file protein_20.txt (compact mmCIF, C-alpha atoms)
# COMPACT_ATOMS: atom_id res chain seq x y z
CA MET A 520 7.37 -19.30 -48.41
CA ASP A 521 9.82 -16.59 -47.36
CA THR A 522 9.56 -15.67 -43.67
CA LEU A 523 12.18 -12.91 -43.87
CA GLY A 524 14.28 -14.65 -41.25
CA VAL A 525 11.53 -14.57 -38.61
CA GLU A 526 10.93 -17.85 -36.84
CA PRO A 527 7.80 -18.69 -34.83
CA TYR A 528 8.20 -17.76 -31.17
CA MET A 529 11.53 -16.10 -31.99
CA TYR A 530 10.84 -13.10 -29.76
CA GLU A 531 9.07 -14.93 -26.96
CA PRO A 532 10.90 -15.00 -23.62
CA GLU A 533 12.42 -18.31 -22.69
CA SER A 534 11.68 -19.89 -19.36
CA GLU A 535 14.34 -19.97 -16.68
CA GLU A 536 16.02 -23.30 -16.17
CA GLU A 537 15.15 -25.03 -12.93
CA SER A 538 17.55 -24.10 -10.19
CA ASP A 539 19.08 -26.65 -7.85
CA VAL A 540 18.97 -24.07 -5.05
CA GLU A 541 15.96 -24.47 -2.80
CA GLU A 542 14.09 -21.35 -1.80
CA GLN A 543 14.61 -20.35 1.79
CA PRO A 544 11.45 -20.68 3.87
CA VAL A 545 9.81 -17.37 4.68
CA ALA A 546 10.19 -16.51 8.33
CA HIS A 547 6.94 -16.08 10.20
CA ARG A 548 7.25 -12.61 11.60
CA LEU A 549 4.38 -13.06 14.01
CA GLN A 550 6.62 -15.50 15.83
CA MET A 551 9.62 -13.15 15.78
CA THR A 552 10.46 -10.10 17.83
CA THR A 553 10.07 -6.84 15.93
CA SER A 554 13.81 -6.16 16.15
CA GLU A 555 14.43 -9.33 14.13
CA TRP A 556 12.72 -7.93 11.02
CA CYS A 557 12.49 -4.14 11.47
CA THR A 558 15.58 -2.19 10.44
CA CYS A 559 14.21 1.35 10.83
CA GLY A 560 13.56 1.04 14.57
CA ASN A 561 9.96 2.33 14.43
CA CYS A 562 7.90 -0.72 13.51
CA ASP A 563 5.82 -2.76 15.89
CA ARG A 564 4.09 -6.10 15.58
CA MET A 565 0.90 -5.97 13.54
CA PRO A 566 -1.93 -8.54 13.78
CA GLN A 567 -1.53 -10.05 10.30
CA GLU A 568 1.63 -11.65 8.92
CA ARG A 569 1.70 -9.57 5.75
CA GLU A 570 1.43 -6.30 7.71
CA ASN A 571 4.73 -6.94 9.48
CA ILE A 572 6.94 -5.17 6.99
CA CYS A 573 9.52 -2.43 7.50
CA CYS A 574 9.72 0.67 5.31
CA ARG A 575 13.30 -0.28 4.42
CA GLU A 576 12.05 -3.49 2.74
CA VAL A 577 9.73 -1.80 0.26
CA PRO A 578 11.48 -0.53 -2.91
CA GLN A 579 8.84 2.12 -3.64
CA VAL A 580 9.20 3.54 -0.12
CA MET A 581 13.00 3.36 -0.20
CA ARG A 582 12.95 5.28 -3.48
CA ARG A 583 11.12 8.12 -1.72
CA MET A 584 13.48 7.94 1.25
CA THR A 585 16.55 8.34 -0.97
CA GLN A 586 15.12 11.44 -2.67
CA VAL A 587 15.84 13.68 0.31
CA PRO A 588 19.27 15.28 0.69
CA GLU A 589 19.86 14.09 4.25
CA GLU A 590 19.96 10.38 5.03
CA ILE A 591 16.93 9.14 6.93
CA THR A 592 16.54 5.72 8.52
CA CYS A 593 12.74 5.59 8.55
CA MET A 594 9.96 6.81 6.31
CA ILE A 595 8.26 8.52 9.25
CA ASP A 596 11.25 10.90 9.35
CA HIS A 597 10.77 11.90 5.70
CA PRO A 598 9.99 15.63 5.48
CA GLY A 599 7.28 14.92 2.91
CA LEU A 600 5.23 12.54 5.06
CA GLU A 601 3.52 15.26 7.09
CA PRO A 602 2.46 17.54 4.21
CA VAL A 603 1.38 14.67 1.96
CA CYS A 604 -0.27 12.26 4.41
CA LEU A 605 -0.82 13.91 7.78
CA ASN A 606 -1.76 17.50 7.01
CA ILE A 607 -5.50 17.99 7.47
CA TYR A 608 -5.70 20.45 4.56
CA SER A 609 -4.03 17.98 2.20
CA LEU A 610 -6.48 15.32 3.37
CA GLN A 611 -9.40 17.68 2.74
CA ASN A 612 -8.14 18.00 -0.83
CA ALA A 613 -7.77 14.22 -1.04
CA MET A 614 -11.39 13.94 0.13
CA ASN A 615 -12.54 16.27 -2.65
CA ILE A 616 -10.69 14.20 -5.23
CA TYR A 617 -12.11 10.99 -3.77
CA ARG A 618 -15.67 12.38 -3.92
CA ALA A 619 -15.22 13.47 -7.54
CA ASP A 620 -13.93 10.02 -8.53
CA HIS A 621 -15.93 7.69 -6.29
CA GLY A 622 -18.74 9.61 -4.60
CA GLN A 623 -19.18 10.03 -0.89
CA LEU A 624 -16.66 8.26 1.34
CA ARG A 625 -18.74 5.75 3.29
CA ILE A 626 -16.66 5.67 6.44
CA ARG A 627 -18.10 7.11 9.63
CA GLY A 628 -16.04 9.29 11.91
CA MET A 629 -13.54 12.01 11.10
CA GLU A 630 -10.51 10.09 12.45
CA ARG A 631 -11.34 6.99 10.39
CA GLN A 632 -11.83 9.07 7.26
CA CYS A 633 -8.51 10.83 7.84
CA ARG A 634 -6.71 7.51 8.34
CA HIS A 635 -8.25 6.11 5.17
CA LEU A 636 -7.28 9.18 3.15
CA ALA A 637 -3.80 9.25 4.69
CA TYR A 638 -3.23 5.62 3.67
CA ARG A 639 -4.46 6.37 0.14
CA SER A 640 -2.24 9.45 -0.06
CA PHE A 641 0.78 7.45 1.08
CA VAL A 642 0.19 4.74 -1.52
CA SER A 643 -0.35 7.28 -4.29
CA TRP A 644 2.79 9.20 -3.26
CA CYS A 645 5.09 6.16 -3.09
CA TRP A 646 3.65 3.88 -5.79
CA GLY A 647 2.44 6.64 -8.13
CA PHE A 648 -1.06 5.21 -8.53
CA LEU A 649 -3.98 3.70 -6.67
CA GLY A 650 -6.03 0.65 -7.46
CA ARG A 651 -3.66 -2.15 -6.63
CA SER A 652 -3.59 -3.60 -3.18
CA VAL A 653 -0.30 -2.84 -1.43
CA VAL A 654 0.71 -3.23 2.19
CA ILE A 655 1.86 -0.07 3.94
CA PRO A 656 4.89 -0.51 6.21
CA SER A 657 4.17 -0.98 9.91
CA CYS A 658 6.00 2.20 10.95
CA VAL A 659 3.92 4.36 8.57
CA VAL A 660 0.63 2.75 9.64
CA LEU A 661 1.52 3.38 13.29
CA ARG A 662 2.47 7.01 12.56
CA ILE A 663 -0.85 7.62 10.79
CA ARG A 664 -2.71 5.96 13.67
CA ARG A 665 -0.95 8.23 16.16
CA GLU A 666 -2.06 11.27 14.18
CA PHE A 667 -5.64 10.03 13.72
CA PRO A 668 -6.32 7.61 16.58
CA GLU A 669 -9.34 5.33 16.88
CA THR A 670 -11.18 6.25 20.07
CA SER A 671 -11.68 2.58 20.96
CA GLY A 672 -8.02 1.77 20.31
CA GLN A 673 -9.14 -1.15 18.11
CA TYR A 674 -8.03 -1.14 14.47
CA VAL A 675 -9.18 -3.32 11.60
CA GLY A 676 -5.80 -3.76 9.92
CA PHE A 677 -5.13 -4.50 6.28
CA ARG A 678 -8.04 -5.88 4.31
CA PRO A 679 -7.53 -6.67 0.63
CA PRO A 680 -10.31 -5.43 -1.63
CA PRO A 681 -12.96 -7.97 -2.57
CA ARG A 682 -12.37 -9.68 -5.89
CA LEU A 683 -14.80 -8.64 -8.56
CA ASN A 684 -16.04 -11.32 -10.89
CA ARG A 685 -17.77 -10.46 -14.14
CA ASP A 686 -21.28 -10.67 -12.60
CA THR A 687 -20.33 -8.47 -9.65
CA TYR A 688 -18.63 -5.98 -11.97
CA SER A 689 -21.67 -5.82 -14.25
CA ALA A 690 -24.02 -5.32 -11.30
CA THR A 691 -21.72 -2.66 -9.81
CA ALA A 692 -21.37 -0.85 -13.13
CA SER A 693 -25.14 -0.90 -13.64
CA SER A 694 -25.82 0.52 -10.20
CA LEU A 695 -23.20 3.22 -10.68
CA GLU A 696 -24.79 4.41 -13.91
CA GLY A 697 -27.68 5.78 -11.89
CA LEU A 698 -25.33 7.98 -9.84
CA GLY A 699 -24.50 10.14 -12.84
CA SER A 700 -28.13 11.23 -13.23

call {"tool": "encode", "arguments": {"input": "protein_20.txt", "output": "structure tokens"}}
result
Amino acid sequence: MDTLGVEPYMYEPESEEESDVEEQPVAHRLQMTTSEWCTCGNCDRMPQERENICCREVPQVMRRMTQVPEEITCMIDHPGLEPVCLNIYSLQNAMNIYRADHGQLRIRGMERQCRHLAYRSFVSWCWGFLGRSVVIPSCVVLRIRREFPETSGQYVGFRPPPRLNRDTYSATASSLEGLGS
């Protein structure tokens, strides 16, 4: 049988050979001072380990930062942050888009809604899409919180979305079908 020079698995990627170099242990930032991991100068310690990340460590955020003509050291100094994520009129538009796609936003309080929409706008702006769980840099979270503060001063922090299994997805999809009526 002629295979025309094509061998099974010919175009499959090969695995990397095992390296003798051990991976460096990840530093626990909750046990470090902020200045040990923040290079922009505007971050502060966050309650969860994964939230302690500087804007200068995130490639998608750095890409946005390098798109401005003048050099900036922190994402909160980006001239696009205010109109995209902090401007109340932009957030009203984001709310309209959210309602069209997902229905009513079920978060009480104007400041909480604005924070939620600002976070979503930031992720969409830097990553180009929504739907995947990403962690927003500490400096940006703090800037959004300053603009839309929680009256109690207590914040929830990053919460990954719940995992949907097939049964949950089917039940959710079935209940959403009734919303279109």

call {"tool": "atom_distance", "arguments": {"input": "protein_20.txt", "atom1": "CA of Cys645 in chain A", "atom2": "CA of Gln579 in chain A"}}
result
5.5 Å

call {"tool": "atom_distance", "arguments": {"input": "protein_20.txt", "atom1": "CA of Val587 in chain A", "atom2": "CA of Ser640 in chain A"}}
result
18.6 Å

call {"tool": "closest_atom_pairs", "arguments": {"input": "protein_20.txt", "of": "range 589-692 of chain A", "to": "range 556-575 of chain A", "cutoff": "6 Å", "atoms": "only C-alpha atoms", "output": "Markdown table"}}
result
| residue | atom | partner | partner_atom | distance |
| --- | --- | --- | --- | --- |
| A:Thr592 | CA | A:Cys559 | CA | 5.5 |
| A:Cys593 | CA | A:Cys559 | CA | 5.0 |
| A:Pro656 | CA | A:Cys574 | CA | 5.1 |
| A:Ser657 | CA | A:Cys562 | CA | 5.2 |
| A:Cys658 | CA | A:Cys562 | CA | 4.3 |

call {"tool": "atom_distance", "arguments": {"input": "protein_20.txt", "atom1": "CA of Glu601 in chain A", "atom2": "CA of Gly622 in chain A"}}
result
25.8 Å

call {"tool": "closest_residue", "arguments": {"input": "protein_20.txt", "among": "A:Asp596, A:Thr553, A:His547, A:Leu610", "to": "Arg631 in chain A", "atoms": "all atoms listed in the file"}}
result
A:Leu610

call {"tool": "residues_around", "arguments": {"input": "protein_20.txt", "residues": "Leu624 in chain A", "least_positions_apart": "2", "cutoff": "12 Å", "atoms": "all atoms listed in the file", "output": "list of chain:residue names"}}
result
A:Gln611, A:Ala613, A:Met614, A:Asn615, A:Ile616, A:Tyr617, A:Arg618, A:Ala619, A:Asp620, A:His621, A:Gly622, A:Ile626, A:Arg627, A:Gly628, A:Met629, A:Arg631, A:Gln632, A:Cys633, A:His635, A:Leu636

call {"tool": "closest_residue", "arguments": {"input": "protein_20.txt", "among": "A:Ala637, A:Gln623, A:Met581, A:Val660", "to": "Pro602 in chain A", "atoms": "all atoms listed in the file"}}
result
A:Ala637

call {"tool": "decode", "arguments": {"input": "protein_20.txt", "residues": "range 539-689 of chain A", "atoms": "C-alpha atoms", "output": "compact mmCIF listing (two decimals), in the first residue's frame"}}
result
# COMPACT_ATOMS: atom_id res chain seq x y z
CA ASP A 539 17.99 18.22 34.37
CA VAL A 540 17.26 21.75 35.60
CA GLU A 541 14.87 21.81 38.52
CA GLU A 542 12.11 24.39 38.48
CA GLN A 543 12.63 27.21 40.92
CA PRO A 544 10.05 27.20 43.71
CA VAL A 545 7.41 29.90 43.36
CA ALA A 546 7.85 32.60 45.95
CA HIS A 547 4.90 33.07 48.24
CA ARG A 548 4.07 36.71 47.77
CA LEU A 549 1.85 36.86 50.82
CA GLN A 550 5.02 36.40 52.84
CA MET A 551 6.92 39.06 50.88
CA THR A 552 6.81 42.83 51.00
CA THR A 553 5.05 44.39 48.02
CA SER A 554 8.28 46.02 46.85
CA GLU A 555 9.78 42.56 46.41
CA TRP A 556 7.35 41.63 43.62
CA CYS A 557 5.81 44.88 42.35
CA THR A 558 7.84 46.73 39.73
CA CYS A 559 5.32 49.46 38.84
CA GLY A 560 5.24 50.99 42.32
CA ASN A 561 1.43 51.04 42.63
CA CYS A 562 0.54 47.54 43.81
CA ASP A 563 -0.38 46.58 47.33
CA ARG A 564 -0.79 43.26 49.07
CA MET A 565 -4.00 41.47 48.18
CA PRO A 566 -5.66 38.78 50.35
CA GLN A 567 -5.12 35.83 47.97
CA GLU A 568 -1.76 34.64 46.65
CA ARG A 569 -2.82 34.69 43.00
CA GLU A 570 -4.05 38.30 43.25
CA ASN A 571 -0.57 39.56 44.11
CA ILE A 572 0.56 40.27 40.58
CA CYS A 573 1.99 43.43 39.05
CA CYS A 574 0.81 44.86 35.73
CA ARG A 575 4.36 44.56 34.41
CA GLU A 576 4.20 40.74 34.79
CA VAL A 577 1.16 40.22 32.58
CA PRO A 578 1.96 40.05 28.83
CA GLN A 579 -1.52 41.15 27.75
CA VAL A 580 -1.33 44.23 29.98
CA MET A 581 2.25 45.03 28.94
CA ARG A 582 1.14 44.86 25.30
CA ARG A 583 -1.41 47.61 26.02
CA MET A 584 1.18 49.63 27.94
CA THR A 585 3.62 49.60 25.03
CA GLN A 586 0.98 50.85 22.59
CA VAL A 587 1.15 54.41 23.89
CA PRO A 588 3.78 56.80 22.52
CA GLU A 589 5.16 57.84 25.91
CA GLU A 590 6.69 55.27 28.22
CA ILE A 591 4.55 54.46 31.24
CA THR A 592 5.62 52.41 34.24
CA CYS A 593 2.15 51.33 35.39
CA MET A 594 -1.11 50.44 33.73
CA ILE A 595 -2.98 52.92 35.92
CA ASP A 596 -1.07 55.68 34.09
CA HIS A 597 -2.29 54.47 30.68
CA PRO A 598 -4.39 57.19 29.02
CA GLY A 599 -6.93 54.56 27.93
CA LEU A 600 -7.71 53.22 31.40
CA GLU A 601 -10.06 56.04 32.36
CA PRO A 602 -12.20 56.12 29.19
CA VAL A 603 -12.39 52.33 28.89
CA CYS A 604 -12.76 51.23 32.52
CA LEU A 605 -13.51 54.18 34.78
CA ASN A 606 -15.77 56.46 32.76
CA ILE A 607 -19.35 56.12 33.98
CA TYR A 608 -20.76 56.55 30.46
CA SER A 609 -18.58 53.75 29.11
CA LEU A 610 -19.74 51.56 32.00
CA GLN A 611 -23.37 52.39 31.21
CA ASN A 612 -22.72 51.12 27.70
CA ALA A 613 -21.01 48.03 29.13
CA MET A 614 -24.12 47.47 31.26
CA ASN A 615 -26.35 47.62 28.17
CA ILE A 616 -24.17 45.07 26.40
CA TYR A 617 -24.14 42.85 29.50
CA ARG A 618 -27.96 42.98 29.73
CA ALA A 619 -28.34 42.10 26.06
CA ASP A 620 -26.00 39.12 26.42
CA HIS A 621 -26.75 37.87 29.93
CA GLY A 622 -29.86 39.58 31.28
CA GLN A 623 -30.02 41.75 34.35
CA LEU A 624 -26.79 42.12 36.34
CA ARG A 625 -27.58 40.56 39.70
CA ILE A 626 -25.28 42.68 41.83
CA ARG A 627 -26.79 45.14 44.27
CA GLY A 628 -25.42 48.64 44.63
CA MET A 629 -24.19 51.07 42.01
CA GLU A 630 -20.54 51.00 43.18
CA ARG A 631 -20.41 47.19 43.08
CA GLN A 632 -21.97 47.12 39.62
CA CYS A 633 -19.48 49.71 38.39
CA ARG A 634 -16.54 47.74 39.80
CA HIS A 635 -17.81 44.55 38.19
CA LEU A 636 -18.26 46.25 34.82
CA ALA A 637 -14.89 48.01 35.11
CA TYR A 638 -13.15 44.67 35.74
CA ARG A 639 -14.95 43.13 32.76
CA SER A 640 -14.06 46.10 30.57
CA PHE A 641 -10.40 45.85 31.58
CA VAL A 642 -10.24 42.14 30.78
CA SER A 643 -11.98 42.62 27.44
CA TRP A 644 -9.67 45.53 26.56
CA CYS A 645 -6.41 43.74 27.44
CA TRP A 646 -7.20 40.11 26.59
CA GLY A 647 -9.59 40.82 23.70
CA PHE A 648 -12.35 38.54 24.99
CA LEU A 649 -14.29 37.52 28.07
CA GLY A 650 -15.16 34.11 29.36
CA ARG A 651 -11.85 32.87 30.66
CA SER A 652 -10.87 33.51 34.23
CA VAL A 653 -7.92 35.90 34.43
CA VAL A 654 -6.44 37.73 37.39
CA ILE A 655 -6.34 41.51 37.11
CA PRO A 656 -3.13 43.12 38.39
CA SER A 657 -3.21 44.48 41.93
CA CYS A 658 -2.57 48.08 40.85
CA VAL A 659 -5.54 48.06 38.45
CA VAL A 660 -7.88 46.45 41.00
CA LEU A 661 -6.89 49.10 43.55
CA ARG A 662 -7.42 51.92 41.02
CA ILE A 663 -10.91 50.63 40.18
CA ARG A 664 -11.70 50.30 43.89
CA ARG A 665 -10.62 53.90 44.48
CA GLU A 666 -12.98 55.05 41.73
CA PHE A 667 -15.88 52.88 42.91
CA PRO A 668 -15.32 52.22 46.62
CA GLU A 669 -17.24 49.75 48.76
CA THR A 670 -18.92 51.68 51.56
CA SER A 671 -17.94 49.03 54.11
CA GLY A 672 -14.34 48.98 52.90
CA GLN A 673 -14.54 45.17 52.68
CA TYR A 674 -13.93 43.57 49.28
CA VAL A 675 -14.51 40.00 48.16
CA GLY A 676 -11.41 39.65 46.00
CA PHE A 677 -10.92 37.32 43.07
CA ARG A 678 -13.33 34.41 42.84
CA PRO A 679 -12.97 31.98 39.94
CA PRO A 680 -16.24 31.09 38.25
CA PRO A 681 -17.87 27.84 39.34
CA ARG A 682 -17.07 24.88 37.15
CA LEU A 683 -19.99 23.70 35.10
CA ASN A 684 -20.41 19.99 34.69
CA ARG A 685 -22.68 18.54 32.04
CA ASP A 686 -25.68 18.27 34.42
CA THR A 687 -25.27 21.84 35.65
CA TYR A 688 -24.88 23.10 32.08
CA SER A 689 -28.00 21.25 30.93
